[in-house]
file coords-v3.cif (mmCIF, C-alpha atoms)
data_model
#
loop_
_atom_site.group_PDB
_atom_site.id
_atom_site.type_symbol
_atom_site.label_atom_id
_atom_site.label_comp_id
_atom_site.auth_asym_id
_atom_site.auth_seq_id
_atom_site.Cartn_x
_atom_site.Cartn_y
_atom_site.Cartn_z
ATOM 1 C CA MET A 1 22.922 -37.187 -18.224
ATOM 2 C CA SER A 2 25.857 -39.110 -16.794
ATOM 3 C CA ASP A 3 25.804 -40.433 -13.252
ATOM 4 C CA THR A 4 28.496 -38.532 -11.354
ATOM 5 C CA HIS A 5 28.188 -40.969 -8.434
ATOM 6 C CA ARG A 6 28.884 -44.049 -10.599
ATOM 7 C CA THR A 7 26.160 -46.042 -8.894
ATOM 8 C CA PRO A 8 26.215 -49.110 -11.223
ATOM 9 C CA GLU A 9 29.980 -49.566 -10.839
ATOM 10 C CA ARG A 10 29.768 -49.183 -7.074
ATOM 11 C CA ALA A 11 26.876 -51.658 -6.850
ATOM 12 C CA ALA A 12 28.817 -54.239 -8.851
ATOM 13 C CA TRP A 13 31.898 -53.752 -6.648
ATOM 14 C CA VAL A 14 29.932 -54.111 -3.404
ATOM 15 C CA LEU A 15 28.122 -57.241 -4.600
ATOM 16 C CA ALA A 16 31.385 -58.749 -5.828
ATOM 17 C CA HIS A 17 33.006 -58.246 -2.406
ATOM 18 C CA ALA A 18 29.929 -59.032 -0.292
ATOM 19 C CA GLY A 19 30.445 -62.773 0.028
ATOM 20 C CA ARG A 20 28.088 -64.191 2.665
ATOM 21 C CA ASN A 21 27.686 -60.893 4.514
ATOM 22 C CA PRO A 22 23.955 -60.005 4.397
ATOM 23 C CA ALA A 23 24.551 -56.346 5.288
ATOM 24 C CA ALA A 24 26.965 -55.931 2.376
ATOM 25 C CA ARG A 25 24.570 -57.694 0.032
ATOM 26 C CA ARG A 26 21.795 -55.351 1.135
ATOM 27 C CA ARG A 27 23.951 -52.302 0.358
ATOM 28 C CA GLY A 28 24.861 -53.667 -3.055
ATOM 29 C CA GLU A 29 21.251 -54.500 -3.892
ATOM 30 C CA GLN A 30 20.081 -51.049 -2.837
ATOM 31 C CA LEU A 31 22.733 -49.399 -5.003
ATOM 32 C CA ALA A 32 21.787 -51.584 -7.974
ATOM 33 C CA SER A 33 18.093 -50.783 -7.476
ATOM 34 C CA ARG A 34 18.886 -47.069 -7.332
ATOM 35 C CA ALA A 35 20.918 -47.302 -10.544
ATOM 36 C CA ARG A 36 18.117 -49.099 -12.388
ATOM 37 C CA ARG A 37 15.562 -46.544 -11.176
ATOM 38 C CA ALA A 38 17.760 -43.673 -12.391
ATOM 39 C CA THR A 39 18.101 -45.378 -15.773
ATOM 40 C CA ARG A 40 14.326 -45.737 -16.074
ATOM 41 C CA TYR A 41 13.761 -42.087 -15.150
ATOM 42 C CA GLU A 42 16.374 -40.969 -17.649
ATOM 43 C CA ALA A 43 14.683 -43.003 -20.389
ATOM 44 C CA GLY A 44 11.267 -41.614 -19.421
ATOM 45 C CA VAL A 45 9.842 -44.985 -18.387
ATOM 46 C CA GLY A 46 9.028 -44.167 -14.767
ATOM 47 C CA ASP A 47 8.679 -46.519 -11.835
ATOM 48 C CA SER A 48 8.723 -50.269 -12.223
ATOM 49 C CA ALA A 49 5.468 -52.196 -12.054
ATOM 50 C CA VAL A 50 6.892 -54.611 -9.473
ATOM 51 C CA GLY A 51 8.910 -53.930 -6.342
ATOM 52 C CA GLU A 52 12.494 -55.109 -6.062
ATOM 53 C CA VAL A 53 13.277 -57.535 -3.268
ATOM 54 C CA VAL A 54 16.408 -56.811 -1.233
ATOM 55 C CA THR A 55 17.998 -58.472 1.764
ATOM 56 C CA PRO A 56 16.143 -57.596 5.011
ATOM 57 C CA ASN A 57 17.641 -55.016 7.345
ATOM 58 C CA ARG A 58 19.522 -55.684 10.566
ATOM 59 C CA LEU A 59 16.511 -55.593 12.894
ATOM 60 C CA HIS A 60 14.496 -57.909 10.677
ATOM 61 C CA ARG A 61 17.323 -60.430 10.498
ATOM 62 C CA ARG A 62 17.775 -60.457 14.267
ATOM 63 C CA ILE A 63 14.084 -60.782 15.066
ATOM 64 C CA TYR A 64 13.200 -63.374 12.430
ATOM 65 C CA ALA A 65 16.375 -65.425 12.678
ATOM 66 C CA ALA A 66 14.298 -68.225 14.220
ATOM 67 C CA ASP A 67 10.648 -68.917 14.965
ATOM 68 C CA ASP A 68 10.982 -69.395 18.719
ATOM 69 C CA HIS A 69 11.270 -66.723 21.439
ATOM 70 C CA ARG A 70 10.068 -63.940 19.151
ATOM 71 C CA ILE A 71 9.343 -61.483 21.983
ATOM 72 C CA ALA A 72 12.747 -62.069 23.572
ATOM 73 C CA ARG A 73 14.412 -61.442 20.236
ATOM 74 C CA VAL A 74 12.524 -58.157 19.829
ATOM 75 C CA LEU A 75 13.558 -56.981 23.288
ATOM 76 C CA TRP A 76 17.180 -57.995 22.760
ATOM 77 C CA ALA A 77 17.337 -56.249 19.364
ATOM 78 C CA CYS A 78 15.852 -53.053 20.814
ATOM 79 C CA ALA A 79 18.256 -53.146 23.762
ATOM 80 C CA ARG A 80 21.231 -53.504 21.441
ATOM 81 C CA GLU A 81 20.113 -50.604 19.278
ATOM 82 C CA VAL A 82 19.568 -48.367 22.316
ATOM 83 C CA GLY A 83 22.982 -49.253 23.710
ATOM 84 C CA ARG A 84 24.592 -48.583 20.369
ATOM 85 C CA ALA A 85 22.909 -45.178 20.149
ATOM 86 C CA LEU A 86 24.064 -44.211 23.651
ATOM 87 C CA VAL A 87 27.654 -45.322 23.159
ATOM 88 C CA ALA A 88 28.348 -44.222 19.587
ATOM 89 C CA GLY A 89 25.202 -42.437 18.382
ATOM 90 C CA PRO A 90 26.639 -38.905 17.947
ATOM 91 C CA GLY A 91 29.724 -40.203 16.169
ATOM 92 C CA ILE A 92 27.684 -42.361 13.773
ATOM 93 C CA ALA A 93 25.325 -39.457 13.042
ATOM 94 C CA ALA A 94 28.267 -37.133 12.372
ATOM 95 C CA ALA A 95 29.806 -39.718 10.028
ATOM 96 C CA TRP A 96 26.570 -40.010 8.033
ATOM 97 C CA GLY A 97 26.314 -36.219 7.843
ATOM 98 C CA ALA A 98 29.862 -35.893 6.515
ATOM 99 C CA TYR A 99 29.236 -38.717 4.058
ATOM 100 C CA PHE A 100 26.100 -37.109 2.610
ATOM 101 C CA LEU A 101 27.821 -33.711 2.410
ATOM 102 C CA TRP A 102 30.714 -35.204 0.427
ATOM 103 C CA TRP A 103 28.231 -37.220 -1.656
ATOM 104 C CA ARG A 104 26.375 -34.063 -2.701
ATOM 105 C CA GLN A 105 29.628 -32.275 -3.581
ATOM 106 C CA VAL A 106 31.250 -35.176 -5.398
ATOM 107 C CA ALA A 107 31.277 -33.295 -8.716
ATOM 108 C CA ALA A 108 33.327 -30.479 -7.154
ATOM 109 C CA TRP A 109 35.361 -32.359 -4.528
ATOM 110 C CA GLY A 110 35.955 -35.573 -6.424
ATOM 111 C CA PRO A 111 35.022 -39.150 -5.490
ATOM 112 C CA LEU A 112 34.960 -40.191 -1.860
ATOM 113 C CA ARG A 113 38.181 -41.728 -0.597
ATOM 114 C CA TRP A 114 38.496 -43.736 2.593
ATOM 115 C CA LYS A 115 42.291 -43.879 2.803
ATOM 116 C CA PRO A 116 42.823 -40.167 3.624
ATOM 117 C CA VAL A 117 40.163 -40.421 6.328
ATOM 118 C CA ALA A 118 41.781 -43.535 7.756
ATOM 119 C CA PHE A 119 45.158 -41.782 7.701
ATOM 120 C CA ALA A 120 43.639 -38.873 9.626
ATOM 121 C CA VAL A 121 42.343 -41.318 12.224
ATOM 122 C CA ALA A 122 45.759 -42.964 12.508
ATOM 123 C CA VAL A 123 47.323 -39.538 13.135
ATOM 124 C CA ALA A 124 44.632 -38.380 15.555
ATOM 125 C CA VAL A 125 44.831 -41.422 17.847
ATOM 126 C CA PRO A 126 48.455 -40.821 18.995
ATOM 127 C CA VAL A 127 47.718 -37.117 19.421
ATOM 128 C CA LEU A 128 44.771 -37.837 21.684
ATOM 129 C CA LEU A 129 46.756 -40.405 23.633
ATOM 130 C CA ALA A 130 49.550 -37.878 24.121
ATOM 131 C CA ALA A 131 46.997 -35.343 25.339
ATOM 132 C CA VAL A 132 45.618 -37.890 27.809
ATOM 133 C CA VAL A 133 49.091 -38.695 29.126
ATOM 134 C CA ALA A 134 49.910 -34.990 29.459
ATOM 135 C CA VAL A 135 46.728 -34.293 31.380
ATOM 136 C CA ALA A 136 47.315 -37.280 33.663
ATOM 137 C CA TRP A 137 50.931 -36.238 34.266
ATOM 138 C CA MET A 138 49.833 -32.711 35.218
ATOM 139 C CA ASP A 139 47.318 -34.162 37.702
ATOM 140 C CA GLY A 140 44.558 -32.361 35.919
ATOM 141 C CA GLY A 141 41.065 -33.694 35.841
ATOM 142 C CA VAL A 142 39.275 -34.109 32.536
ATOM 143 C CA PRO A 143 35.475 -34.055 32.591
ATOM 144 C CA LEU A 144 33.688 -37.144 31.453
ATOM 145 C CA LEU A 145 31.945 -35.169 28.734
ATOM 146 C CA ALA A 146 35.316 -34.233 27.233
ATOM 147 C CA TRP A 147 36.360 -37.895 27.086
ATOM 148 C CA TYR A 148 33.032 -38.731 25.491
ATOM 149 C CA ALA A 149 33.452 -35.957 22.885
ATOM 150 C CA MET A 150 36.945 -37.128 21.948
ATOM 151 C CA ALA A 151 35.690 -40.680 21.581
ATOM 152 C CA GLN A 152 32.860 -39.502 19.321
ATOM 153 C CA LEU A 153 35.340 -37.708 17.071
ATOM 154 C CA LEU A 154 37.318 -40.881 16.613
ATOM 155 C CA ILE A 155 34.143 -42.892 16.047
ATOM 156 C CA ALA A 156 32.917 -40.380 13.456
ATOM 157 C CA ALA A 157 36.157 -40.451 11.471
ATOM 158 C CA THR A 158 36.436 -44.226 11.644
ATOM 159 C CA ARG A 159 32.808 -44.686 10.665
ATOM 160 C CA LEU A 160 33.157 -42.264 7.749
ATOM 161 C CA SER A 161 36.122 -44.217 6.421
ATOM 162 C CA TRP A 162 34.119 -47.443 6.683
ATOM 163 C CA LEU A 163 31.058 -45.933 4.995
ATOM 164 C CA ILE A 164 33.081 -44.771 2.006
ATOM 165 C CA ARG A 165 34.540 -48.208 1.397
ATOM 166 C CA ALA A 166 31.349 -50.093 2.265
ATOM 167 C CA HIS A 167 29.398 -48.185 -0.401
ATOM 168 C CA GLY A 168 31.779 -49.096 -3.181
ATOM 169 C CA TRP A 169 33.707 -45.885 -3.779
ATOM 170 C CA GLU A 170 36.844 -47.959 -4.181
ATOM 171 C CA ALA A 171 35.549 -48.838 -7.676
ATOM 172 C CA VAL A 172 35.518 -45.186 -8.798
ATOM 173 C CA SER A 173 38.824 -43.755 -9.974
ATOM 174 C CA PRO A 174 39.492 -39.993 -9.835
ATOM 175 C CA THR A 175 39.987 -39.802 -13.603
ATOM 176 C CA VAL A 176 36.589 -41.334 -14.373
ATOM 177 C CA LEU A 177 34.561 -38.426 -12.988
ATOM 178 C CA THR A 178 36.576 -35.830 -14.850
ATOM 179 C CA ALA A 179 36.206 -37.677 -18.134
ATOM 180 C CA SER A 180 32.512 -38.511 -17.735
ATOM 181 C CA GLY A 181 31.144 -35.104 -18.743
ATOM 182 C CA PRO A 182 30.761 -33.854 -22.302
ATOM 183 C CA ARG A 183 33.846 -32.448 -23.937
ATOM 184 C CA VAL A 184 33.439 -28.838 -25.059
ATOM 185 C CA ALA A 185 35.728 -27.352 -27.687
ATOM 186 C CA PRO A 186 37.748 -24.386 -26.375
ATOM 187 C CA ILE A 187 36.639 -20.936 -27.504
ATOM 188 C CA ARG A 188 39.306 -18.327 -28.218
ATOM 189 C CA ILE A 189 38.310 -14.670 -27.968
ATOM 190 C CA MET A 190 40.552 -12.308 -29.913
ATOM 191 C CA THR A 191 41.216 -9.018 -28.126
ATOM 192 C CA GLY A 192 43.965 -7.747 -30.421
ATOM 193 C CA THR A 193 46.847 -8.361 -28.048
ATOM 194 C CA GLU A 194 47.322 -12.056 -28.751
ATOM 195 C CA PRO A 195 49.707 -13.245 -31.445
ATOM 196 C CA PRO A 196 47.955 -14.314 -34.626
ATOM 197 C CA LEU A 197 47.118 -17.920 -35.181
ATOM 198 C CA PRO A 198 49.632 -19.879 -37.255
ATOM 199 C CA THR A 199 48.799 -20.047 -40.942
ATOM 200 C CA THR A 200 49.616 -22.769 -43.399
ATOM 201 C CA GLN A 201 50.794 -22.186 -46.965
ATOM 202 C CA LEU A 202 49.312 -24.051 -49.868
ATOM 203 C CA THR A 203 51.632 -26.428 -51.628
ATOM 204 C CA LYS A 204 51.799 -27.015 -55.375
ATOM 205 C CA ARG A 205 49.643 -29.731 -56.735
ATOM 206 C CA VAL A 206 51.615 -32.810 -57.591
ATOM 207 C CA VAL A 207 50.275 -35.036 -60.353
ATOM 208 C CA VAL A 208 51.663 -38.520 -60.568
ATOM 209 C CA ARG A 209 51.243 -40.198 -63.952
ATOM 210 C CA ARG A 210 51.826 -43.840 -64.555
ATOM 211 C CA LYS A 211 52.077 -45.462 -67.944
ATOM 212 C CA VAL A 212 50.006 -48.580 -68.118
ATOM 213 C CA THR A 213 50.776 -50.992 -70.970
ATOM 214 C CA PRO A 214 47.704 -52.937 -72.034
ATOM 215 C CA THR A 215 48.166 -56.670 -72.167
ATOM 216 C CA THR A 216 46.562 -58.875 -74.808
ATOM 217 C CA PRO A 217 45.186 -62.084 -73.420
ATOM 218 C CA THR A 218 46.435 -65.243 -75.085
ATOM 219 C CA LEU A 219 44.140 -68.173 -75.584
ATOM 220 C CA ALA A 220 45.280 -71.579 -74.486
ATOM 221 C CA PRO A 221 45.403 -74.226 -77.225
ATOM 222 C CA ILE A 222 42.486 -76.642 -77.343
ATOM 223 C CA PRO A 223 43.509 -80.249 -77.998
ATOM 224 C CA ILE A 224 41.509 -82.004 -80.730
ATOM 225 C CA ILE A 225 41.541 -85.812 -80.813
ATOM 226 C CA VAL A 226 40.756 -87.446 -84.158
ATOM 227 C CA ARG A 227 39.880 -91.116 -84.154
ATOM 228 C CA ASN A 228 39.684 -93.330 -87.174
ATOM 229 C CA GLU A 229 36.856 -95.741 -87.866
ATOM 230 C CA GLY A 230 38.717 -98.884 -86.855
ATOM 231 C CA ASP A 231 40.437 -97.642 -83.730
ATOM 232 C CA HIS A 232 37.814 -99.044 -81.350
ATOM 233 C CA GLN A 233 38.502 -102.654 -82.370
#

call {"tool": "encode", "arguments": {"input": "coords-v3.cif", "output": "structure tokens"}}
result
Amino acid sequence: MSDTHRTPERAAWVLAHAGRNPAARRRGEQLASRARRATRYEAGVGDSAVGEVVTPNRLHRRIYAADDHRIARVLWACAREVGRALVAGPGIAAAWGAYFLWWRQVAAWGPLRWKPVAFAVAVAVPVLLAAVVAVAWMDGGVPLLAWYAMAQLLIAATRLSWLIRAHGWEAVSPTVLTASGPRVAPIRIMTGTEPPLPTTQLTKRVVVRRKVTPTTPTLAPIPIIVRNEGDHQ
């Protein structure tokens, strides 16, 4: 069974573009581990006897960046995560939901593409700014919740575009997924209304005869040297 998500190619692309970024290396290592696990399951081997080591996650890197002030690092990491969830949590969750929905329907919708999503964001930003200017010009008040909802929409679209590129979908071309499945020969059902299939006529058999003249091999002369009895003196 072919992998419609092209996990090995995406893992190689992410690791090739990761550089010194630990988050990118973690994504590439997770994709590579998932590809190897799928290969083992497909071959009937099962799980590996040893666990694969990947780069630690964001919280682990922040807490264990140094050995001193461990409690302060824990509190600061938790505070940052809480602030991130309050500011952009709904948008990030919506982006992950859209990503997984597209990921599950990749065989029908095609590979994920970040450029159309980024183009949608680029079009939506001026529209929202024009709406803000129009509301301000009309001296109308906009509730804070409405501003927050508009910001979450922009965050969700921007985050979705980033997720698609960060998980290596740039390495998958649209033609690869269509050509990955097995090719089935077309079946033609005759109903009597279709024109008959073209027929070919047999041609006459052509016999080509060549006259081969046998050649008689000629022997090369063998030199014979005759010496007399007194020639060696």

call {"tool": "closest_residue", "arguments": {"input": "coords-v3.cif", "among": "A:Ala120, A:Ala35, A:Leu112, A:Ile224", "to": "His167 in chain A", "atoms": "all atoms listed in the file"}}
result
A:Leu112

call {"tool": "resolve_selection", "arguments": {"input": "coords-v3.cif", "expression": "the PyMOL selection byres ((chain A and resi 24-33) around 10)", "output": "MDAnalysis selection string"}}
result
chainID A and resid 6:23 34:39 51:58 166:168

call {"tool": "atom_distance", "arguments": {"input": "coords-v3.cif", "atom1": "CA of Ala149 in chain A", "atom2": "CA of Lys115 in chain A"}}
result
23.3 Å

call {"tool": "atom_distance", "arguments": {"input": "coords-v3.cif", "atom1": "CA of Gly89 in chain A", "atom2": "CA of Gln152 in chain A"}}
result
8.3 Å

call {"tool": "atom_distance", "arguments": {"input": "coords-v3.cif", "atom1": "CA of Pro116 in chain A", "atom2": "CA of Gly97 in chain A"}}
result
17.5 Å

call {"tool": "closest_residue", "arguments": {"input": "coords-v3.cif", "among": "A:Ile225, A:Thr218, A:Ala95, A:Cys78", "to": "Ser161 in chain A", "atoms": "only C-alpha atoms"}}
result
A:Ala95

call {"tool": "resolve_selection", "arguments": {"input": "coords-v3.cif", "expression": "the PyMOL selection byres ((chain A and resi 154) around 12)", "output": "number ranges by chain"}}
result
A: 88, 90-92, 94-95, 117-129, 147-153, 155-161

call {"tool": "write_last_selection", "arguments": {"input": "coords-v3.cif", "atoms": "C-alpha atoms", "output": "mmCIF file, in the frame of the given file"}}
result
data_model
loop_
_atom_site.group_PDB
_atom_site.id
_atom_site.type_symbol
_atom_site.label_atom_id
_atom_site.label_comp_id
_atom_site.auth_asym_id
_atom_site.auth_seq_id
_atom_site.Cartn_x
_atom_site.Cartn_y
_atom_site.Cartn_z
ATOM 1 C CA ALA A 88 28.348 -44.222 19.587
ATOM 2 C CA PRO A 90 26.639 -38.905 17.947
ATOM 3 C CA GLY A 91 29.724 -40.203 16.169
ATOM 4 C CA ILE A 92 27.684 -42.361 13.773
ATOM 5 C CA ALA A 94 28.267 -37.133 12.372
ATOM 6 C CA ALA A 95 29.806 -39.718 10.028
ATOM 7 C CA VAL A 117 40.163 -40.421 6.328
ATOM 8 C CA ALA A 118 41.781 -43.535 7.756
ATOM 9 C CA PHE A 119 45.158 -41.782 7.701
ATOM 10 C CA ALA A 120 43.639 -38.873 9.626
ATOM 11 C CA VAL A 121 42.343 -41.318 12.224
ATOM 12 C CA ALA A 122 45.759 -42.964 12.508
ATOM 13 C CA VAL A 123 47.323 -39.538 13.135
ATOM 14 C CA ALA A 124 44.632 -38.380 15.555
ATOM 15 C CA VAL A 125 44.831 -41.422 17.847
ATOM 16 C CA PRO A 126 48.455 -40.821 18.995
ATOM 17 C CA VAL A 127 47.718 -37.117 19.421
ATOM 18 C CA LEU A 128 44.771 -37.837 21.684
ATOM 19 C CA LEU A 129 46.756 -40.405 23.633
ATOM 20 C CA TRP A 147 36.360 -37.895 27.086
ATOM 21 C CA TYR A 148 33.032 -38.731 25.491
ATOM 22 C CA ALA A 149 33.452 -35.957 22.885
ATOM 23 C CA MET A 150 36.945 -37.128 21.948
ATOM 24 C CA ALA A 151 35.690 -40.680 21.581
ATOM 25 C CA GLN A 152 32.860 -39.502 19.321
ATOM 26 C CA LEU A 153 35.340 -37.708 17.071
ATOM 27 C CA ILE A 155 34.143 -42.892 16.047
ATOM 28 C CA ALA A 156 32.917 -40.380 13.456
ATOM 29 C CA ALA A 157 36.157 -40.451 11.471
ATOM 30 C CA THR A 158 36.436 -44.226 11.644
ATOM 31 C CA ARG A 159 32.808 -44.686 10.665
ATOM 32 C CA LEU A 160 33.157 -42.264 7.749
ATOM 33 C CA SER A 161 36.122 -44.217 6.421
#

call {"tool": "closest_residue", "arguments": {"input": "coords-v3.cif", "among": "A:Pro111, A:Tyr41, A:Ala65, A:Thr4", "to": "Ile164 in chain A", "atoms": "only C-alpha atoms"}}
result
A:Pro111

call {"tool": "closest_residue", "arguments": {"input": "coords-v3.cif", "among": "A:Arg40, A:His5, A:Lys204, A:Arg209", "to": "Arg104 in chain A", "atoms": "all atoms listed in the file"}}
result
A:His5

call {"tool": "closest_residue", "arguments": {"input": "coords-v3.cif", "among": "A:Ala85, A:Gln105, A:Val133, A:Trp114", "to": "Ala171 in chain A", "atoms": "all atoms listed in the file"}}
result
A:Trp114

call {"tool": "decode", "arguments": {"input": "coords-v3.cif", "residues": "range 77-94 of chain A", "atoms": "N, CA, C and O atoms", "output": "PDB file, in the first residue's frame"}}
result
ATOM      1  N   ALA A  77       8.001  29.193  31.858  1.00  0.00           N
ATOM      2  CA  ALA A  77       7.497  28.413  30.723  1.00  0.00           C
ATOM      3  C   ALA A  77       5.983  28.244  30.800  1.00  0.00           C
ATOM      4  O   ALA A  77       5.275  28.387  29.789  1.00  0.00           O
ATOM      5  N   CYS A  78       5.463  27.986  31.994  1.00  0.00           N
ATOM      6  CA  CYS A  78       4.008  27.855  32.152  1.00  0.00           C
ATOM      7  C   CYS A  78       3.302  29.172  31.884  1.00  0.00           C
ATOM      8  O   CYS A  78       2.227  29.208  31.262  1.00  0.00           O
ATOM      9  N   ALA A  79       3.882  30.278  32.342  1.00  0.00           N
ATOM     10  CA  ALA A  79       3.274  31.588  32.105  1.00  0.00           C
ATOM     11  C   ALA A  79       3.236  31.912  30.619  1.00  0.00           C
ATOM     12  O   ALA A  79       2.235  32.448  30.103  1.00  0.00           O
ATOM     13  N   ARG A  80       4.289  31.584  29.906  1.00  0.00           N
ATOM     14  CA  ARG A  80       4.303  31.837  28.466  1.00  0.00           C
ATOM     15  C   ARG A  80       3.264  31.000  27.738  1.00  0.00           C
ATOM     16  O   ARG A  80       2.590  31.482  26.816  1.00  0.00           O
ATOM     17  N   GLU A  81       3.118  29.752  28.130  1.00  0.00           N
ATOM     18  CA  GLU A  81       2.133  28.898  27.471  1.00  0.00           C
ATOM     19  C   GLU A  81       0.702  29.372  27.762  1.00  0.00           C
ATOM     20  O   GLU A  81      -0.156  29.344  26.875  1.00  0.00           O
ATOM     21  N   VAL A  82       0.450  29.818  28.987  1.00  0.00           N
ATOM     22  CA  VAL A  82      -0.882  30.321  29.319  1.00  0.00           C
ATOM     23  C   VAL A  82      -1.183  31.595  28.540  1.00  0.00           C
ATOM     24  O   VAL A  82      -2.288  31.778  28.000  1.00  0.00           O
ATOM     25  N   GLY A  83      -0.214  32.501  28.475  1.00  0.00           N
ATOM     26  CA  GLY A  83      -0.405  33.716  27.698  1.00  0.00           C
ATOM     27  C   GLY A  83      -0.625  33.440  26.219  1.00  0.00           C
ATOM     28  O   GLY A  83      -1.465  34.077  25.567  1.00  0.00           O
ATOM     29  N   ARG A  84       0.101  32.486  25.708  1.00  0.00           N
ATOM     30  CA  ARG A  84      -0.081  32.119  24.300  1.00  0.00           C
ATOM     31  C   ARG A  84      -1.480  31.545  24.051  1.00  0.00           C
ATOM     32  O   ARG A  84      -2.108  31.841  23.032  1.00  0.00           O
ATOM     33  N   ALA A  85      -1.959  30.732  24.985  1.00  0.00           N
ATOM     34  CA  ALA A  85      -3.295  30.152  24.827  1.00  0.00           C
ATOM     35  C   ALA A  85      -4.373  31.218  24.902  1.00  0.00           C
ATOM     36  O   ALA A  85      -5.378  31.159  24.178  1.00  0.00           O
ATOM     37  N   LEU A  86      -4.202  32.221  25.771  1.00  0.00           N
ATOM     38  CA  LEU A  86      -5.212  33.273  25.882  1.00  0.00           C
ATOM     39  C   LEU A  86      -5.231  34.188  24.671  1.00  0.00           C
ATOM     40  O   LEU A  86      -6.295  34.633  24.220  1.00  0.00           O
ATOM     41  N   VAL A  87      -4.050  34.483  24.134  1.00  0.00           N
ATOM     42  CA  VAL A  87      -3.979  35.431  23.021  1.00  0.00           C
ATOM     43  C   VAL A  87      -4.365  34.778  21.696  1.00  0.00           C
ATOM     44  O   VAL A  87      -5.155  35.323  20.916  1.00  0.00           O
ATOM     45  N   ALA A  88      -3.815  33.601  21.427  1.00  0.00           N
ATOM     46  CA  ALA A  88      -4.008  32.988  20.108  1.00  0.00           C
ATOM     47  C   ALA A  88      -4.491  31.544  20.186  1.00  0.00           C
ATOM     48  O   ALA A  88      -4.408  30.827  19.186  1.00  0.00           O
ATOM     49  N   GLY A  89      -4.993  31.104  21.317  1.00  0.00           N
ATOM     50  CA  GLY A  89      -5.399  29.710  21.470  1.00  0.00           C
ATOM     51  C   GLY A  89      -6.484  29.262  20.503  1.00  0.00           C
ATOM     52  O   GLY A  89      -6.335  28.239  19.824  1.00  0.00           O
ATOM     53  N   PRO A  90      -7.606  29.979  20.380  1.00  0.00           N
ATOM     54  CA  PRO A  90      -8.649  29.540  19.435  1.00  0.00           C
ATOM     55  C   PRO A  90      -8.171  29.494  17.991  1.00  0.00           C
ATOM     56  O   PRO A  90      -8.522  28.571  17.242  1.00  0.00           O
ATOM     57  N   GLY A  91      -7.378  30.466  17.591  1.00  0.00           N
ATOM     58  CA  GLY A  91      -6.874  30.463  16.217  1.00  0.00           C
ATOM     59  C   GLY A  91      -5.945  29.295  15.950  1.00  0.00           C
ATOM     60  O   GLY A  91      -6.007  28.656  14.898  1.00  0.00           O
ATOM     61  N   ILE A  92      -5.055  28.990  16.903  1.00  0.00           N
ATOM     62  CA  ILE A  92      -4.137  27.856  16.740  1.00  0.00           C
ATOM     63  C   ILE A  92      -4.905  26.542  16.704  1.00  0.00           C
ATOM     64  O   ILE A  92      -4.619  25.642  15.892  1.00  0.00           O
ATOM     65  N   ALA A  93      -5.916  26.409  17.580  1.00  0.00           N
ATOM     66  CA  ALA A  93      -6.730  25.188  17.571  1.00  0.00           C
ATOM     67  C   ALA A  93      -7.487  25.030  16.258  1.00  0.00           C
ATOM     68  O   ALA A  93      -7.585  23.916  15.708  1.00  0.00           O
ATOM     69  N   ALA A  94      -8.038  26.139  15.740  1.00  0.00           N
ATOM     70  CA  ALA A  94      -8.743  26.062  14.459  1.00  0.00           C
ATOM     71  C   ALA A  94      -7.799  25.693  13.322  1.00  0.00           C
ATOM     72  O   ALA A  94      -8.161  24.946  12.403  1.00  0.00           O
TER      73      ALA A  94
END
